[in-house]
Amino acid sequence: MDRSEIREEVLDILKDIAPDEDLSDLKDEQSFREQMELDSMDFLDIVMELRKRHRIQIPEDDYVNLASMNSTVEYLEPHMSDIERV
Amino acid sequence: MYDTIIIGAGMSGLAAGIRLAHYEQKVCILERHYTIGGLNSFYRLRGRDYDVGLHALTNVTPKGTRKGPLARLLRQLRMSWDDLEISPQVGSEIVFPGNRLRFDNNLDLLRSEVAREFPKRVDQFEQLISEIVDYDDLDDTHAAMSARERLTELLDEPLLIEMLFCPLMFYGSAREHDMDWGQFSIMFRSIFMEGLGRPQAGVRLILKHLVRKFRGLGGELKLRCGVKQMKVADDEVKTVVLENGEEITGRRILSSAGWCETMRLCDDGQPVVSRAPGRLSFCETIAAIDLEPKTLGHDRTITFYNDNEQFAWTPPDTPCDLRSGVICSPNNFEYGEPLEGPDGGGTVRITALANFDYWNGLDEEQYKLEKLRWYDAITDSAVRFIPDYRNRVVDTDMFTPTTIVRFTGHDNGAVYGAPDKQADGRTHLKNLFICGTDQGFVGIIGSIVSGIGMANMHCLRD
Ligand SMILES: Cc1cc2nc3c(=O)[nH]c(=O)nc-3n(C[C@H](O)[C@H](O)[C@H](O)COP(=O)(O)OP(=O)(O)OC[C@H]3O[C@@H](n4cnc5c(N)ncnc54)[C@H](O)[C@@H]3O)c2cc1C
């Protein structure tokens, strides 16, 4: 997957977690916490969805990288570049 | 071998099951009863639908709200706000002799009511609200402090304190005469600051969504499958023995059967902490009437009443406590279309504190007679506070503390479980955890949040 595909995938996870949220004007540089008021349980969910969907293991110390869309894509790129988007 | 075995298909067990099945665990919920829901089930009697528990959902925040237990629960269960079809309350009230406080889902009404009834206490009440807003439910430093003591410091009007305690204790205190400050703050927010609402179709709608979701994710639900025993060795549960003799195994067990009840199931028989079971139980009368309550002049969603200046939150010496109660009419919510019974009528339900030992000691014949007698006594007591509906009644039902035992297995029919809670859900065994009422969160929304929290904390981390 390239960066834009990874972004789509993360967006899909966010949609799944918060179906009532309008994500069309999500700002990639701003934190999810600020924009969507996600709490620690939700961040754990992003991690677990990535594991469920793509078998990616994210160690707890790396959770900080999932703060915003930009940092998430940045962090995931090396882990997901080999994965085919389905 | 299951990844997780869940005991109990009440709100907490089903919610935990959904979390685990969503993350591809092999999970099985074992329920002793022939139906799901536990304390919050539903039934049909002589052509009418009734809910067992539900008066109202607490924590009702409007669609789009991102904070608070309801929003969190929807995200965790991957549900949309619209799935629950919640209609907000019309408005409720707390009635004591000579004083009335009305409230709805906007805190400003309660504020103005306090200003009207207790004009000198406006600032003190604001101070209370700001402490509750600041209370952090993840930091438990002050959680176990006595709410009665804290309120007495903040408010120098004993009557106002009693009036605030009345609904919060009725809807969520396992502790007699008092509440933990943490529980008080959580309940205050969930009832006065967030609010009350109800799906028009009642609790069956919520249960239907939960069970469909669980099964859709591949979860197994076994009804009429009570757990008789758990075989323990090496500090863990090795085997779960069912009432029919079958034995099954799971890597982890999550039990919503209650603390004492779960400890008794373990064949080592040794709870590390032995604790007193709760004693607070209810009788509830249900009346189907031949018109909508508001036609009689009763438009309140819930009326919490108490006929003297002090509110007693202890098991009564009499079979039922006739001094206080909760009157709920499921008709009085802001539905799009009126809620109608089969003949266009409505429903009035009254909850009153009851004495478990009395009801448990009756033989079948006496039990039937006493139910009739106390149905009348509770109703006579309640119509002091709302318009008299007694000559409009077309059908009735009543449940007692022994009914609660039958549906939930909770000792003493204790609606909110044991007064001491196990907030981290851990037990003396490394693969056995508890969720639901005795973990600390009560009510429908509370127990769902508990199931989610315990599943996340103990069953999804590896
Ligand atoms: C009269 C009344 C009115 C209420 N009104 C409201 C209300 O208006 N709003 C609100 O939010 N809450 C209300 N509640 C409270 C709410 O119903 C409970 O707090 C909530 O349902 C508790 O859920 P739970 O999952 O913790 O426990 P339970 O519902 O008790 O679930 C436990 C389940 O475990 C099963 N079980 C027990 N032992 C075994 C065993 N050995 N093997 C297999 N299964 C077992 C039981 O059968 C049960 O199904 C009310 C309760 C009552 C009694």
# chains A, B, ... in the order shown; residues from 1 in each chain; ligands from 1

call {"tool": "residues_near_ligand", "arguments": {"ligand": "ligand 1", "cutoff": "7 Å", "atoms": "only C-alpha atoms and all ligand atoms", "output": "ChimeraX atom specification"}}
result
/B:7-13,30-33,36-40,52-58,171,225-228,256-257,282,284,351,404,407-410,415-416,435-437,442-445,447

call {"tool": "write_last_selection", "arguments": {"atoms": "N, CA and C atoms", "output": "compact mmCIF listing (two decimals), in the first residue's frame"}}
result
# COMPACT_ATOMS: atom_id res chain seq x y z
N ILE B 7 -19.96 -16.05 31.75
CA ILE B 7 -21.11 -16.54 32.51
C ILE B 7 -22.16 -15.44 32.60
N GLY B 8 -23.33 -15.70 32.02
CA GLY B 8 -24.43 -14.75 32.09
C GLY B 8 -24.65 -13.96 30.81
N ALA B 9 -25.88 -14.02 30.29
CA ALA B 9 -26.23 -13.26 29.09
C ALA B 9 -27.06 -12.03 29.45
N GLY B 10 -26.66 -11.35 30.53
CA GLY B 10 -27.24 -10.04 30.84
C GLY B 10 -26.53 -8.98 29.99
N MET B 11 -26.78 -7.73 30.31
CA MET B 11 -26.21 -6.64 29.51
C MET B 11 -24.68 -6.71 29.49
N SER B 12 -24.07 -6.98 30.64
CA SER B 12 -22.60 -6.94 30.70
C SER B 12 -21.99 -8.11 29.95
N GLY B 13 -22.57 -9.30 30.11
CA GLY B 13 -22.03 -10.48 29.43
C GLY B 13 -22.14 -10.35 27.91
N LEU B 30 -22.66 -18.51 28.50
CA LEU B 30 -23.50 -19.52 29.13
C LEU B 30 -24.56 -18.82 29.98
N GLU B 31 -25.80 -19.09 29.70
CA GLU B 31 -26.88 -18.45 30.45
C GLU B 31 -27.78 -19.52 31.05
N ARG B 32 -28.01 -19.40 32.35
CA ARG B 32 -28.82 -20.38 33.04
C ARG B 32 -30.30 -20.33 32.64
N HIS B 33 -30.77 -19.12 32.40
CA HIS B 33 -32.18 -18.91 32.11
C HIS B 33 -32.50 -19.34 30.68
N ILE B 36 -32.43 -14.28 27.38
CA ILE B 36 -31.33 -13.37 27.68
C ILE B 36 -31.82 -12.15 28.46
N GLY B 37 -30.89 -11.35 28.96
CA GLY B 37 -31.27 -10.06 29.54
C GLY B 37 -31.00 -9.95 31.03
N GLY B 38 -31.04 -11.07 31.75
CA GLY B 38 -30.80 -11.01 33.20
C GLY B 38 -31.83 -10.12 33.87
N LEU B 39 -31.33 -9.13 34.60
CA LEU B 39 -32.22 -8.19 35.29
C LEU B 39 -33.06 -7.38 34.33
N ASN B 40 -32.63 -7.33 33.10
CA ASN B 40 -33.32 -6.48 32.15
C ASN B 40 -33.89 -7.26 31.00
N VAL B 52 -38.90 -6.08 32.17
CA VAL B 52 -38.67 -6.44 33.57
C VAL B 52 -38.02 -5.29 34.33
N GLY B 53 -36.89 -4.83 33.85
CA GLY B 53 -36.18 -3.81 34.60
C GLY B 53 -36.47 -2.40 34.10
N LEU B 54 -36.12 -2.18 32.88
CA LEU B 54 -36.07 -0.83 32.31
C LEU B 54 -37.19 0.13 32.71
N HIS B 55 -36.85 1.17 33.43
CA HIS B 55 -37.68 2.36 33.50
C HIS B 55 -37.20 3.30 32.40
N ALA B 56 -35.90 3.58 32.49
CA ALA B 56 -35.30 4.51 31.53
C ALA B 56 -33.83 4.20 31.40
N LEU B 57 -33.29 4.51 30.25
CA LEU B 57 -31.85 4.48 30.11
C LEU B 57 -31.31 5.75 30.75
N THR B 58 -30.21 5.62 31.47
CA THR B 58 -29.54 6.81 32.00
C THR B 58 -28.46 7.22 31.00
N TYR B 171 -31.58 4.47 41.74
CA TYR B 171 -31.05 4.01 40.46
C TYR B 171 -29.63 3.51 40.52
N CYS B 225 -28.28 -23.12 30.19
CA CYS B 225 -26.97 -23.74 30.34
C CYS B 225 -26.28 -23.11 31.54
N GLY B 226 -26.82 -23.37 32.71
CA GLY B 226 -26.25 -22.80 33.92
C GLY B 226 -24.89 -23.41 34.24
N VAL B 227 -24.03 -22.60 34.85
CA VAL B 227 -22.75 -23.13 35.32
C VAL B 227 -22.95 -23.65 36.73
N LYS B 228 -22.58 -24.92 36.96
CA LYS B 228 -22.76 -25.50 38.28
C LYS B 228 -21.50 -25.35 39.13
N SER B 256 -20.49 -12.68 35.08
CA SER B 256 -21.37 -11.58 35.49
C SER B 256 -22.37 -12.07 36.54
N ALA B 257 -22.07 -13.22 37.15
CA ALA B 257 -23.02 -13.81 38.10
C ALA B 257 -23.00 -13.13 39.47
N PHE B 282 -36.12 -4.96 45.58
CA PHE B 282 -37.31 -4.22 45.18
C PHE B 282 -38.52 -5.13 45.00
N GLU B 284 -41.93 -4.58 42.48
CA GLU B 284 -42.41 -3.67 41.46
C GLU B 284 -43.82 -4.05 41.05
N THR B 351 -41.87 1.09 41.75
CA THR B 351 -40.82 0.32 42.41
C THR B 351 -40.74 0.75 43.87
N ILE B 404 -36.45 -11.56 41.34
CA ILE B 404 -35.12 -11.10 40.92
C ILE B 404 -34.09 -12.22 41.08
N PHE B 407 -34.45 -14.56 38.15
CA PHE B 407 -33.94 -14.08 36.87
C PHE B 407 -32.45 -13.85 36.83
N THR B 408 -31.83 -13.56 37.97
CA THR B 408 -30.42 -13.14 37.93
C THR B 408 -29.51 -14.01 38.78
N GLY B 409 -30.07 -14.74 39.72
CA GLY B 409 -29.22 -15.51 40.62
C GLY B 409 -28.52 -14.67 41.66
N HIS B 410 -28.76 -13.33 41.68
CA HIS B 410 -28.09 -12.51 42.69
C HIS B 410 -28.62 -12.81 44.09
N VAL B 415 -30.53 -5.93 43.94
CA VAL B 415 -30.56 -5.37 42.60
C VAL B 415 -29.21 -4.81 42.18
N TYR B 416 -28.53 -4.12 43.09
CA TYR B 416 -27.24 -3.53 42.73
C TYR B 416 -26.07 -4.30 43.33
N CYS B 435 -17.46 -9.20 35.84
CA CYS B 435 -17.92 -7.97 35.20
C CYS B 435 -19.37 -7.75 35.63
N GLY B 436 -19.91 -6.60 35.30
CA GLY B 436 -21.31 -6.31 35.62
C GLY B 436 -21.45 -5.71 37.01
N THR B 437 -22.62 -5.93 37.57
CA THR B 437 -23.03 -5.29 38.81
C THR B 437 -21.94 -5.25 39.88
N VAL B 442 -23.44 -0.03 37.53
CA VAL B 442 -24.78 -0.60 37.53
C VAL B 442 -25.67 0.12 36.53
N GLY B 443 -26.87 -0.40 36.39
CA GLY B 443 -27.79 0.14 35.39
C GLY B 443 -27.47 -0.48 34.04
N ILE B 444 -28.30 -0.18 33.07
CA ILE B 444 -28.14 -0.78 31.76
C ILE B 444 -26.87 -0.28 31.09
N ILE B 445 -26.74 1.04 31.01
CA ILE B 445 -25.55 1.60 30.38
C ILE B 445 -24.31 1.23 31.20
N SER B 447 -23.73 -1.38 33.15
CA SER B 447 -23.30 -2.77 33.04
C SER B 447 -22.72 -3.07 31.66

call {"tool": "closest_atom_pairs", "arguments": {"of": "chain B", "to": "chain A", "cutoff": "7 Å", "atoms": "only C-alpha atoms", "output": "CSV"}}
result
residue,atom,partner,partner_atom,distance
B:Tyr23,CA,A:Lys52,CA,6.7
B:Gly64,CA,A:Asp20,CA,6.8
B:Arg66,CA,A:Glu37,CA,6.3
B:Arg75,CA,A:Ile17,CA,5.1
B:Gln76,CA,A:Ile17,CA,6.8
B:Arg78,CA,A:Ile17,CA,5.7
B:Ser80,CA,A:Pro19,CA,5.9

call {"tool": "write_last_selection", "arguments": {"atoms": "N, CA and C atoms", "output": "compact mmCIF listing (two decimals), in the first residue's frame"}}
result
# COMPACT_ATOMS: atom_id res chain seq x y z
N TYR B 23 -13.06 -9.30 17.86
CA TYR B 23 -11.64 -9.53 17.66
C TYR B 23 -11.31 -11.01 17.50
N GLY B 64 -24.44 12.73 18.30
CA GLY B 64 -23.32 13.60 17.97
C GLY B 64 -22.43 13.93 19.16
N ARG B 66 -19.74 13.36 21.80
CA ARG B 66 -18.59 12.44 21.71
C ARG B 66 -18.12 11.96 23.06
N ARG B 75 -19.22 3.53 20.34
CA ARG B 75 -17.99 3.33 19.56
C ARG B 75 -17.42 1.94 19.80
N GLN B 76 -17.39 1.54 21.06
CA GLN B 76 -16.80 0.24 21.38
C GLN B 76 -17.60 -0.92 20.79
N ARG B 78 -19.44 -0.62 18.08
CA ARG B 78 -19.63 -0.32 16.66
C ARG B 78 -21.11 -0.15 16.35
N SER B 80 -24.46 2.62 15.99
CA SER B 80 -24.79 4.00 15.71
C SER B 80 -25.82 4.46 16.74

call {"tool": "atom_distance", "arguments": {"atom1": "CA of Asp268 (chain B)", "atom2": "CA of Asn431 (chain B)"}}
result
14.4 Å

call {"tool": "select_by_dssp", "arguments": {"residues": "region 66-295 of chain B", "states": "strand (DSSP E or B)", "output": "NGL selection string"}}
result
:B and (86-89 or 92-96 or 99-103 or 146 or 180 or 197-199 or 220-222 or 227-233 or 236-242 or 247-248 or 250-255 or 266 or 281-289)

call {"tool": "closest_residue", "arguments": {"among": "B:Leu362, B:Val232, B:Leu254, B:Ala147", "to": "Asn456 (chain B)", "atoms": "only C-alpha atoms"}}
result
B:Leu254

call {"tool": "residues_around", "arguments": {"residues": "Val237 (chain B)", "least_positions_apart": "4", "cutoff": "12 Å", "atoms": "only C-alpha atoms", "output": "list in words"}}
result
Thr4, Ile5, Gln229, Met230, Lys231, Val232, Ala233, Val241, Ile248, Thr249, Gly250, Arg251, Arg252, Ile253, Leu254, Ser255, Thr262, Met263, Leu265, Cys266, Asp267, Asp268, Thr427, His428, Leu429, Lys430, Asn431, Leu432 and Phe433 of chain B

call {"tool": "select_by_dssp", "arguments": {"residues": "region 226-363 of chain B", "states": "alpha helix (DSSP H)", "output": "PyMOL selection string"}}
result
chain B and resi 259-265+356-360

call {"tool": "atom_distance", "arguments": {"atom1": "CA of Ser190 (chain B)", "atom2": "CA of Leu84 (chain B)"}}
result
17.1 Å

call {"tool": "atom_distance", "arguments": {"atom1": "CA of Arg300 (chain B)", "atom2": "CA of Met187 (chain B)"}}
result
20.3 Å

call {"tool": "residues_around", "arguments": {"residues": "Val203 (chain B)", "least_positions_apart": "3", "cutoff": "8 Å", "atoms": "only C-alpha atoms", "output": "list of chain:residue names"}}
result
B:Asn40, B:Ser41, B:Phe42, B:Asp51, B:Leu54, B:Pro199, B:Ile206, B:Leu207

call {"tool": "write_last_selection", "arguments": {"atoms": "all heavy atoms", "output": "mmCIF file, in the first residue's frame"}}
result
data_model
loop_
_atom_site.group_PDB
_atom_site.id
_atom_site.type_symbol
_atom_site.label_atom_id
_atom_site.label_comp_id
_atom_site.auth_asym_id
_atom_site.auth_seq_id
_atom_site.Cartn_x
_atom_site.Cartn_y
_atom_site.Cartn_z
ATOM 1 N N ASN B 40 -32.633 -7.329 33.095
ATOM 2 C CA ASN B 40 -33.323 -6.476 32.147
ATOM 3 C C ASN B 40 -33.890 -7.257 30.997
ATOM 4 O O ASN B 40 -33.459 -7.162 29.866
ATOM 5 C CB ASN B 40 -32.378 -5.415 31.620
ATOM 6 C CG ASN B 40 -32.772 -4.096 32.196
ATOM 7 O OD1 ASN B 40 -33.875 -3.617 31.930
ATOM 8 N ND2 ASN B 40 -31.933 -3.542 33.020
ATOM 9 N N SER B 41 -34.885 -8.044 31.300
ATOM 10 C CA SER B 41 -35.469 -8.841 30.244
ATOM 11 C C SER B 41 -36.861 -8.294 29.908
ATOM 12 O O SER B 41 -37.210 -7.187 30.298
ATOM 13 C CB SER B 41 -35.524 -10.294 30.699
ATOM 14 O OG SER B 41 -35.646 -11.126 29.589
ATOM 15 N N PHE B 42 -37.633 -9.083 29.209
ATOM 16 C CA PHE B 42 -38.974 -8.645 28.836
ATOM 17 C C PHE B 42 -39.861 -9.866 28.704
ATOM 18 O O PHE B 42 -39.369 -10.988 28.583
ATOM 19 C CB PHE B 42 -38.935 -7.878 27.510
ATOM 20 C CG PHE B 42 -38.291 -8.633 26.383
ATOM 21 C CD1 PHE B 42 -39.022 -9.502 25.588
ATOM 22 C CD2 PHE B 42 -36.928 -8.505 26.129
ATOM 23 C CE1 PHE B 42 -38.419 -10.207 24.558
ATOM 24 C CE2 PHE B 42 -36.316 -9.212 25.106
ATOM 25 C CZ PHE B 42 -37.073 -10.059 24.323
ATOM 26 N N ASP B 51 -41.555 -4.820 30.123
ATOM 27 C CA ASP B 51 -40.122 -4.908 30.406
ATOM 28 C C ASP B 51 -39.957 -5.329 31.857
ATOM 29 O O ASP B 51 -40.747 -4.936 32.707
ATOM 30 C CB ASP B 51 -39.454 -3.539 30.231
ATOM 31 C CG ASP B 51 -39.228 -3.201 28.766
ATOM 32 O OD1 ASP B 51 -39.190 -4.134 27.952
ATOM 33 O OD2 ASP B 51 -39.090 -2.007 28.459
ATOM 34 N N LEU B 54 -36.117 -2.182 32.876
ATOM 35 C CA LEU B 54 -36.069 -0.831 32.308
ATOM 36 C C LEU B 54 -37.185 0.129 32.706
ATOM 37 O O LEU B 54 -38.335 -0.067 32.372
ATOM 38 C CB LEU B 54 -36.053 -0.937 30.777
ATOM 39 C CG LEU B 54 -36.054 0.393 30.018
ATOM 40 C CD1 LEU B 54 -34.676 0.997 30.001
ATOM 41 C CD2 LEU B 54 -36.552 0.198 28.611
ATOM 42 N N PRO B 199 -35.956 3.565 24.404
ATOM 43 C CA PRO B 199 -36.381 3.184 23.064
ATOM 44 C C PRO B 199 -37.870 2.865 23.122
ATOM 45 O O PRO B 199 -38.321 2.243 24.079
ATOM 46 C CB PRO B 199 -35.592 1.895 22.773
ATOM 47 C CG PRO B 199 -34.690 1.665 23.938
ATOM 48 C CD PRO B 199 -35.172 2.501 25.068
ATOM 49 N N ILE B 206 -32.845 -3.162 22.564
ATOM 50 C CA ILE B 206 -31.420 -3.148 22.902
ATOM 51 C C ILE B 206 -30.880 -4.577 22.918
ATOM 52 O O ILE B 206 -29.837 -4.876 22.340
ATOM 53 C CB ILE B 206 -31.210 -2.490 24.285
ATOM 54 C CG1 ILE B 206 -31.795 -1.074 24.269
ATOM 55 C CG2 ILE B 206 -29.741 -2.472 24.674
ATOM 56 C CD1 ILE B 206 -31.810 -0.405 25.626
ATOM 57 N N LEU B 207 -31.637 -5.469 23.547
ATOM 58 C CA LEU B 207 -31.183 -6.864 23.630
ATOM 59 C C LEU B 207 -31.090 -7.498 22.249
ATOM 60 O O LEU B 207 -30.164 -8.247 21.952
ATOM 61 C CB LEU B 207 -32.121 -7.667 24.525
ATOM 62 C CG LEU B 207 -31.968 -7.353 26.024
ATOM 63 C CD1 LEU B 207 -33.101 -7.988 26.816
ATOM 64 C CD2 LEU B 207 -30.617 -7.842 26.542
#

call {"tool": "residues_around", "arguments": {"residues": "region 60-66 of chain A", "least_positions_apart": "6", "cutoff": "10 Å", "atoms": "only C-alpha atoms", "output": "ChimeraX atom specification"}}
result
/A:31-32,40,43-44,46-47,72-76

call {"tool": "residues_around", "arguments": {"residues": "Ser81 (chain A)", "least_positions_apart": "6", "cutoff": "12 Å", "atoms": "only C-alpha atoms", "output": "MDAnalysis selection string"}}
result
chainID A and resid 1:6 54 56 73:75
